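Reviewing the structure listed below.
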There are 4 protein chains.
Amino acid sequence: MKAITISLHKDRNVTLTALLQETGGEYGELKTRPAIIVLPGGGYSMCSDREADPAALAYAKAGFQAFILRYTVSKEDKEHLWPYPIQDYEDAYEVIRSNAQEWAVDMERIAVCGFSAGGHLAACAATLAANRPSAAILGYPAILPPVVDVCAKRLPYPCEHVDEKTSPCFIFAARDDNVVNVKSSTAFADALEAKGVNYEMHVYSYGGHGFSTGEACLNTAPLSQRVQNWVSDSVGFLSEVWGSFTASGFTKPRIGRTVNGDHDAYLSVRCTVGHLERQTSGARAAIADELAAVDAVLAAQGYTGEAADYLKNMFTLQTLLAMAGTPVNRILALDNALAAFKNEE
Amino acid sequence: MKAITISLHKDRNVTLTALLQETGGEYGELKTRPAIIVLPGGGYSMCSDREADPAALAYAKAGFQAFILRYTVSKEDKEHLWPYPIQDYEDAYEVIRSNAQEWAVDMERIAVCGFSAGGHLAACAATLAANRPSAAILGYPAILPPVVDVCAKRLPYPCEHVDEKTSPCFIFAARDDNVVNVKSSTAFADALEAKGVNYEMHVYSYGGHGFSTGEACLNTAPLSQRVQNWVSDSVGFLSEVWGSFTASGFTKPRIGRTVNGDHDAYLSVRCTVGHLERQTSGARAAIADELAAVDAVLAAQGYTGEAADYLKNMFTLQTLLAMAGTPVNRILALDNALAAFKNEE
Amino acid sequence: MKAITISLHKDRNVTLTALLQETGGEYGELKTRPAIIVLPGGGYSMCSDREADPAALAYAKAGFQAFILRYTVSKEDKEHLWPYPIQDYEDAYEVIRSNAQEWAVDMERIAVCGFSAGGHLAACAATLAANRPSAAILGYPAILPPVVDVCAKRLPYPCEHVDEKTSPCFIFAARDDNVVNVKSSTAFADALEAKGVNYEMHVYSYGGHGFSTGEACLNTAPLSQRVQNWVSDSVGFLSEVWGSFTASGFTKPRIGRTVNGDHDAYLSVRCTVGHLERQTSGARAAIADELAAVDAVLAAQGYTGEAADYLKNMFTLQTLLAMAGTPVNRILALDNALAAFKNEE
Amino acid sequence: MKAITISLHKDRNVTLTALLQETGGEYGELKTRPAIIVLPGGGYSMCSDREADPAALAYAKAGFQAFILRYTVSKEDKEHLWPYPIQDYEDAYEVIRSNAQEWAVDMERIAVCGFSAGGHLAACAATLAANRPSAAILGYPAILPPVVDVCAKRLPYPCEHVDEKTSPCFIFAARDDNVVNVKSSTAFADALEAKGVNYEMHVYSYGGHGFSTGEACLNTAPLSQRVQNWVSDSVGFLSEVWGSFTASGFTKPRIGRTVNGDHDAYLSVRCTVGHLERQTSGARAAIADELAAVDAVLAAQGYTGEAADYLKNMFTLQTLLAMAGTPVNRILALDNALAAFKNEE
């Protein structure tokens with residue numbers, strides 16, 4: 001184990017601290033480790049220590065290479081702050097990439113974990129960055145105006161930038177947050193939903209703002225006992241996105257980036273039937289028999305009219321064909337056929 | 001322990017099943033128990049067994065008197081279903097009240113726990129019923145159109161009915177629910193937030209629809225390991241709303257119905273400063289000195305202009321006066337003074 | 001769900017209460033359920049309510065058919081009590097067997113769970129009964145004199161009866177138990193170890209005697225927060241002994257009755273190498289080549305003399321041959337060959 | 001956060017690695033932190049990396065200053081190894097003491113955490129060292145012959161050295177450990193019990209030897225899901241011994257070093273009544289009235305003869321007098337009176 005700190009931009013006081021663990025040797029086949037980049041909060045006026053080391057250590061305990069990025073902040077000059085912080089993130093990512101071999105970092109498995117204003121930055125990394133993290137952990141993030149505008153001028157509103165490459169997100173906050181209203185969290189969740197992006201969210205009954213890992217030694221204000229759960233729950237979420245981190249490598253991921261194919265570039269059997277029916281291209285014709293089979297299976301179960309329409313908007317072609325008893329081979333063939341059509345979203 | 005089933009409306013097949021535990025005797029000072037009314041799902045076409053006993057047993061294990069209400073459902077007649085289900089709920093509540101002594105039920109501590117369509121009914125109980133439960137557990141609830149309309153005609157949309165008496169809610173769902181879109185959950189949370197009502201919410205990464213308690217023996221579809229956590233987490237939430245359930249009675253509650261006083265009938269120091277400043281009555285004058293003190297303490301910490309306005313909209317008078325060093329006696333006196341003024345919401 | 005109580009011996013006030021859950025129907029392939037027989041404590045003078053329903057409900061929540069046996073007790077006549085309690089257990093088991101189909105009980109998966117004197121009875125069931133449970137959960141059990149003798153005269157000392165058919169056990173107690181000294185638990189664990197029987201044991205820092213499930217509503221005396229963990233941990237243990245209880249049946253068990261083959265009736269590759277070397281039959285000759293290979297592989301890793309002897313007493317032939325690179329086919333053949341030899345224990 | 005490594009004995013390759021977290025500043029009243037000294041295993045032939053960083057990080061995550069002591073080991077010279085390792089421990093402790101202010105270590109709250117041979121060393125620290133840790137975490141420790149003798153010559157057997165100053169211990173192991181038999185753990189627990197020392201112990205169903213923190217990324221062999229629980233459980237145990245680690249200091253401890261006063265230097269009301277009755281000094285006379293009151297209260301509850309004797313050997317005078325309704329003042333006066341008498345153990 002070693003802890004090093006690299007200066008990224010001396011003039012802006014930007015540093016990257018790395019807490020690095022060994023690989024190989026007694027660790028056997030464990031040749032690289034997943035990584036977390038912690039983005040502390042502080043209203044873009046400071047980078048809070050309370051949200052730096054404790055978070056990094058939580059992921060280090062889970063076997064991650066843990067990085068803390070102290071990005072550009074300013075108490076005085078709120079006008080010219082942005083886009084320095086997101087550039088700092090990109091720079092940090094590139095530094096990690098350059099040192100990936102020496103630092104034994106698995107570049108396919110880098111997540112960000114940001115708190116408050118750092119949660120805003122993490123959401124920007126997930127929606128706007130050139131280097132998208134493979135997942136983002138957002139702790140009581142500042143997402144909506146007016147809190148975003150209070151932090152600094154001309155900050156992006158992350159909800160507006162959710163796109164087809166946005167990272168799966170794990171969001172947590174406390175209901176009684178009186179610095180960043182909890183609607184920042186639910187609004188971002190809804191923005192992810194609108195684009196089909198996977199997420200997990202925990203809003204705890206009480207805990208206020210800035211509870212960090214929720215450890216008692218970090219908190220003077222009262223907080224629900226459940227608040228601490230986000231730490232291990234977020235590790236569990238990452239193990240679903242990445243596969244489980246075992247001594248002999250990662251198992252198969254449990255969840256992908258999106259919940260279905262409705263927002264992908266090309267069509268597939270992962271699209272909902274309703275979505276496929278609304279396509280104006282030749283896609284409908286290519287699956288005409290199957291659409292009829294779907295209607296038949298729904299009708300057989302008593303779903304017609306509105307109810308059938310509803311279910312076709314919810315279930316994927318894959319799911320409904322499986323219910324109709326369509327052979328797997330045929331479903332795969334359909335998937336190939338659909339892949340020829342651009343998605344008209 | 002005994003399990004009894006009472007017919008509430010024979011013609012509509014409405015039953016109340018009670019799983020009752022002893023009190024007194026070896027249980028000493030434990031003379032009554034809190035209660036849960038389980039409302040199974042099934043699209044108002046059926047009451048699912050999978051969401052009946054398993055949920056009731058989960059709360060019975062925590063020491064609750066557990067009730068299962070099999071309310072009016074219909075597969076055929078979706079036109080005339082409502083308002084029978086909510087009437088069934090009211091009837092069940094009254095039956096419990098009539099038998100409270102014999103059944104050793106603490107009438108101050110009755111929660112509902114509904115799933116899917118039963119979650120819709122639980123949300124209606126929390127927002128519309130004459131007998132509001134002291135808390136509502138909503139599992140992947142049907143809240144928004146079109147799913148509500150698919151369940152039955154003329155069902156209320158619970159978001160529209162959140163009011164100053166709405167019960168604190170514990171909401172859970174899976175992100176990949178393809179029967180009831182997860183936005184039903186986030187929308188209801190937002191409606192609660194808009195009225196200041198306390199809630200807790202957990203959206204798990206995956207688990208689909210209808211996972212009940214998440215026990216492996218109940219689920220064939222894949223679900224995240226974290227899904228099961230809602231059971232003990234909801235018991236924890238209830239222990240915050242009610243106080244902890246100990247052998248010598250309940251401890252002090254940790255959370256109230258609302259997050260601050262901005263939506264109460266009368267003003268108080270629990271109102272945010274911004275809310276108090278917007279009152280047109282004499283309330284402002286009554287606390288003029290304190291409003292000045294608040295401005296001073298914010299300015300001393302570097303918050304002026306927009307930032308100060310922002311914080312005054314977030315922090316209660318109580319909190320900011322505490323930061324200003326105002327004596328507790330003075331804060332109590334102010335609270336008394338403010339209580340004379342109706343809240344202009 | 002239904003709760004019924006059957007009188008087993010009216011004259012001795014022996015009853016069997018069953019909390020039964022449905023199978024089939026919406027539960028699909030779930031046609032039978034595992035079962036627990038709860039044996040409350042009370043010093044063989046009473047059957048404590050506090051250790052009856054709460055324990056039964058804990059396992060019912062996990063999907064089990066839950067039984068409570070109120071066995072023969074007496075405050076006055078301690079001379080003639082035994083062996084009524086163990087006969088009551090046998091009778092209860094037979095009643096369950098007779099009703100297994102109607103009650104949907106998986107007869108391969110019946111565990112006992114006893115507390116204090118009921119833990120003594122559960123240990124007797126695991127070591128002495130004609131109907132051995134497939135696992136035993138022992139809560140702060142009375143195992144050693146003098147506490148056993150205080151409970152009643154001529155009770156068996158369970159440590160003396162651990163044999164080759166003894167059930168795997170899950171034991172828990174509190175370090176500061178001032179009614180049954182914690183050595184009752186460790187002594188029974190050691191007796192299981194001496195016969196190679198699998199077990200799990202949790203001794204919590206404090207909690208005294210009689211904490212039942214550890215729920216706050218059941219306990220006036222102080223107890224460690226960890227005490228409650230035994231409930232879900234014991235369900236986890238049972239899922240290792242039985243396989244996980246899923247909607248489509250049980251998965252493969254993770255642990256067997258014994259830790260290795262040294263106490264089985266016949267030899268196998270699951271025996272430790274030291275044990276095989278001490279056999280006087282022809283078994284040694286049958287595996288002479290392999291014993292040499294084992295010595296070679298240990299020497300190659302630097303283990304000779306005492307160290308090698310030590311490891312041969314700890315590792316099974318199977319394990320050491322795997323380390324030596326012996327093909328699986330050959331190991332299976334050896335297992336067949338060894339099965340011809342009686343174990344000289 | 002910084003990680004530093006200090007060479008303690010260059011010739012023997014002894015190093016102390018410190019992972020240090022900040023105090024003060026944003027951490028407010030948190031001016032010192034509790035500390036852990038990790039003692040990796042490796043049969044006194046090596047210090048395993050797998051049991052070094054992962055354990056240190058687990059406690060660092062909980063807010064501790066975390067130290068790893070790589071003590072003297074030798075693969076070749078097993079004759080002259082001891083007592084270097086325990087001297088290394090004493091040296092490490094002194095180095096921490098010398099730097100306590102700079103490193104912000106709370107010298108009242110230093111625990112050791114050792115694995116396997118390191119568990120032997122931790123048990124020696126708890127029983128033999130001049131600098132006793134305030135608690136010891138023992139992971140699958142080598143305690144009994146022959147495994148202790150296999151590790152090195154002339155190592156102490158820790159069971160023989162448990163005394164009135166021995167630290168409270170948290171012990172964990174797996175039932176199927178085939179390197180260090182699980183009896184090493186239960187035997188040490190029994191030795192602690194014999195001297196009244198508090199402990200907690202978890203023996204998991206399976207996990208073999210050397211599972212470290214139980215993280216999947218560290219383990220190729222199968223292990224029970226519960227194995228990982230020891231990490232947070234041990235932090236919970238320490239919070240009972242030390243009081244909870246909060247942002248404003250430590251709360252009151254929940255457990256002391258011993259379970260009662262029977263092994264203290266002087267008598268007290270924390271002694272069991274049986275122990276007090278066996279004293280030959282004047283102590284009995286000083287509490288003659290109270291001993292009679294105790295007999296009366298037991299008789300009133302139906303306990304006489306053997307049963308009463310049994311309970312008097314289990315319950316403290318304090319407990320039985322409380323049951324007899326003796327006023328607190330009188331109990332305190334008795335405690336003062338008893339303090340004049342040496343304990344005849």
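Residue names in the structure tokens use chain letters A, B, ... in the order shown, residue numbers from 1 in each chain, and ligand numbers from 1 in the order shown.
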At a cut-off of 9 Å, list the chain B residues touching chain A, using only C-alpha atoms, as number ranges by chain.
-> B: 146-147, 150-151, 170, 174-183, 186-187, 189-190, 193, 198-206, 224-226, 233, 236-237, 240, 254-255, 259-260, 306-307, 310-311, 313-316
Would you kindly return, as number ranges by chain, each protein, DNA or RNA residue with an atom no farther than 9 Å from any atom of range 106-116 of chain D, considering only C-alpha atoms and excluding same-chain residues fewer than 2 positions away?
-> D: 31-43, 51, 55, 93, 96-97, 100-101, 104, 118-123, 125-126, 132-143, 180, 209-210, 212, 238, 242
File of the preceding selection, N, CA and C atoms, as a CSV table (one decimal), in the first residue's frame:
chain,number,residue,atom,x,y,z
D,31,LYS,N,-9.7,15.0,17.8
D,31,LYS,CA,-8.3,15.4,17.9
D,31,LYS,C,-7.4,14.2,17.9
D,32,THR,N,-7.9,13.0,18.3
D,32,THR,CA,-7.1,11.8,18.3
D,32,THR,C,-8.0,10.7,17.7
D,33,ARG,N,-7.4,9.6,17.3
D,33,ARG,CA,-8.1,8.5,16.7
D,33,ARG,C,-7.7,7.2,17.5
D,34,PRO,N,-8.6,6.2,17.5
D,34,PRO,CA,-8.2,4.9,18.0
D,34,PRO,C,-7.2,4.3,17.0
D,35,ALA,N,-6.5,3.3,17.5
D,35,ALA,CA,-5.5,2.7,16.6
D,35,ALA,C,-5.6,1.2,16.6
D,36,ILE,N,-5.2,0.6,15.5
D,36,ILE,CA,-5.1,-0.8,15.3
D,36,ILE,C,-3.7,-1.2,14.9
D,37,ILE,N,-3.1,-2.2,15.5
D,37,ILE,CA,-1.9,-2.8,15.0
D,37,ILE,C,-2.1,-4.1,14.4
D,38,VAL,N,-2.0,-4.2,13.1
D,38,VAL,CA,-2.2,-5.4,12.3
D,38,VAL,C,-1.0,-6.3,12.3
D,39,LEU,N,-1.2,-7.6,12.7
D,39,LEU,CA,-0.1,-8.6,12.7
D,39,LEU,C,-0.5,-9.7,11.7
D,40,PRO,N,0.1,-9.6,10.5
D,40,PRO,CA,-0.2,-10.6,9.5
D,40,PRO,C,0.2,-12.0,9.9
D,41,GLY,N,-0.4,-13.0,9.3
D,41,GLY,CA,0.0,-14.3,9.5
D,41,GLY,C,1.1,-14.8,8.5
D,42,GLY,N,1.4,-16.1,8.6
D,42,GLY,CA,2.4,-16.7,7.7
D,42,GLY,C,3.3,-17.7,8.4
D,43,GLY,N,2.8,-18.3,9.5
D,43,GLY,CA,3.5,-19.4,10.2
D,43,GLY,C,4.8,-19.0,10.8
D,51,GLU,N,-2.9,-10.4,4.5
D,51,GLU,CA,-3.5,-10.1,5.8
D,51,GLU,C,-2.9,-8.8,6.4
D,55,ALA,N,-6.6,-5.7,6.0
D,55,ALA,CA,-7.1,-5.5,7.4
D,55,ALA,C,-6.9,-4.1,7.8
D,93,TYR,N,4.8,-0.7,19.7
D,93,TYR,CA,3.9,0.0,20.7
D,93,TYR,C,4.6,1.3,21.2
D,96,ILE,N,4.8,4.0,18.6
D,96,ILE,CA,3.5,4.7,18.5
D,96,ILE,C,3.3,5.6,19.6
D,97,ARG,N,3.7,5.2,20.8
D,97,ARG,CA,3.6,6.1,22.0
D,97,ARG,C,4.4,7.4,21.8
D,100,ALA,N,2.7,9.6,19.4
D,100,ALA,CA,1.2,9.6,19.6
D,100,ALA,C,0.7,11.0,19.3
D,101,GLN,N,1.4,12.0,19.7
D,101,GLN,CA,0.8,13.4,19.4
D,101,GLN,C,0.9,13.7,17.9
D,104,ALA,N,-1.6,11.6,16.2
D,104,ALA,CA,-2.9,11.7,16.7
D,104,ALA,C,-3.5,10.4,17.1
D,118,GLY,N,0.1,-14.6,13.3
D,118,GLY,CA,-0.1,-13.3,13.8
D,118,GLY,C,-1.1,-13.2,14.9
D,119,GLY,N,-2.1,-14.2,14.8
D,119,GLY,CA,-3.1,-14.3,15.9
D,119,GLY,C,-2.4,-14.8,17.2
D,120,HIS,N,-1.5,-15.7,17.0
D,120,HIS,CA,-0.7,-16.2,18.2
D,120,HIS,C,0.0,-15.0,18.8
D,121,LEU,N,0.7,-14.2,18.0
D,121,LEU,CA,1.4,-13.0,18.5
D,121,LEU,C,0.4,-12.0,19.1
D,122,ALA,N,-0.7,-11.9,18.5
D,122,ALA,CA,-1.7,-11.0,19.1
D,122,ALA,C,-2.2,-11.5,20.5
D,123,ALA,N,-2.4,-12.8,20.6
D,123,ALA,CA,-2.8,-13.4,21.9
D,123,ALA,C,-1.6,-13.3,22.9
D,125,ALA,N,0.5,-10.8,22.9
D,125,ALA,CA,0.4,-9.4,23.3
D,125,ALA,C,-0.7,-9.2,24.4
D,126,ALA,N,-1.8,-9.8,24.2
D,126,ALA,CA,-2.9,-9.7,25.1
D,126,ALA,C,-2.7,-10.3,26.5
D,132,ARG,N,0.0,-4.0,27.2
D,132,ARG,CA,-1.2,-4.8,26.7
D,132,ARG,C,-2.1,-3.9,25.9
D,133,PRO,N,-2.5,-4.4,24.8
D,133,PRO,CA,-3.5,-3.6,23.9
D,133,PRO,C,-4.8,-3.6,24.7
D,134,SER,N,-5.7,-2.6,24.4
D,134,SER,CA,-6.9,-2.5,25.1
D,134,SER,C,-7.9,-3.5,24.6
D,135,ALA,N,-7.6,-4.2,23.5
D,135,ALA,CA,-8.4,-5.3,23.0
D,135,ALA,C,-7.6,-6.0,21.9
D,136,ALA,N,-8.0,-7.3,21.7
D,136,ALA,CA,-7.2,-8.1,20.7
D,136,ALA,C,-8.2,-8.7,19.8
D,137,ILE,N,-8.0,-8.6,18.5
D,137,ILE,CA,-8.8,-9.3,17.5
D,137,ILE,C,-7.9,-10.5,17.0
D,138,LEU,N,-8.4,-11.7,17.1
D,138,LEU,CA,-7.7,-12.9,16.8
D,138,LEU,C,-8.3,-13.6,15.6
D,139,GLY,N,-7.7,-13.6,14.5
D,139,GLY,CA,-8.2,-14.3,13.3
D,139,GLY,C,-7.6,-15.7,13.2
D,140,TYR,N,-8.5,-16.7,13.2
D,140,TYR,CA,-8.0,-18.1,13.1
D,140,TYR,C,-6.6,-18.3,13.7
D,141,PRO,N,-6.5,-17.9,15.0
D,141,PRO,CA,-5.2,-17.9,15.7
D,141,PRO,C,-4.6,-19.3,16.0
D,142,ALA,N,-3.3,-19.4,15.9
D,142,ALA,CA,-2.6,-20.6,16.3
D,142,ALA,C,-2.3,-20.5,17.8
D,143,ILE,N,-3.0,-21.3,18.6
D,143,ILE,CA,-3.0,-21.2,20.0
D,143,ILE,C,-2.5,-22.5,20.7
D,180,VAL,N,-5.0,-24.5,10.9
D,180,VAL,CA,-5.1,-24.4,12.4
D,180,VAL,C,-6.5,-24.9,12.8
D,209,HIS,N,-8.7,-21.7,5.9
D,209,HIS,CA,-7.7,-21.0,6.7
D,209,HIS,C,-7.2,-19.8,5.8
D,210,GLY,N,-7.0,-18.7,6.4
D,210,GLY,CA,-6.3,-17.6,5.7
D,210,GLY,C,-7.2,-16.8,4.9
D,212,SER,N,-8.5,-13.9,5.5
D,212,SER,CA,-8.3,-12.5,5.7
D,212,SER,C,-9.6,-11.8,5.9
D,238,LEU,N,-15.2,-3.4,19.4
D,238,LEU,CA,-14.3,-2.4,19.9
D,238,LEU,C,-15.1,-1.2,20.4
D,242,TRP,N,-14.6,0.3,24.0
D,242,TRP,CA,-14.0,1.7,24.1
D,242,TRP,C,-15.1,2.7,24.3
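The gap separating CA of Tyr27 in chain A from CA of Thr319 in chain C is 21.0 Å, in Å to one decimal.
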Helix (DSSP H, G or I) call set, DSSP backbone run, range 107-333 of chain A, as a VMD selection string = chain A and resid 117 to 128 147 to 151 158 to 161 183 to 194 216 to 218 225 to 242 261 to 263 273 to 277 283 to 286 288 to 300 305 to 314 317 to 323 328 to 333
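If you look at CA of Ile68 in chain C and CA of Ala60 in chain B, they are 15.8 Å away from each other.
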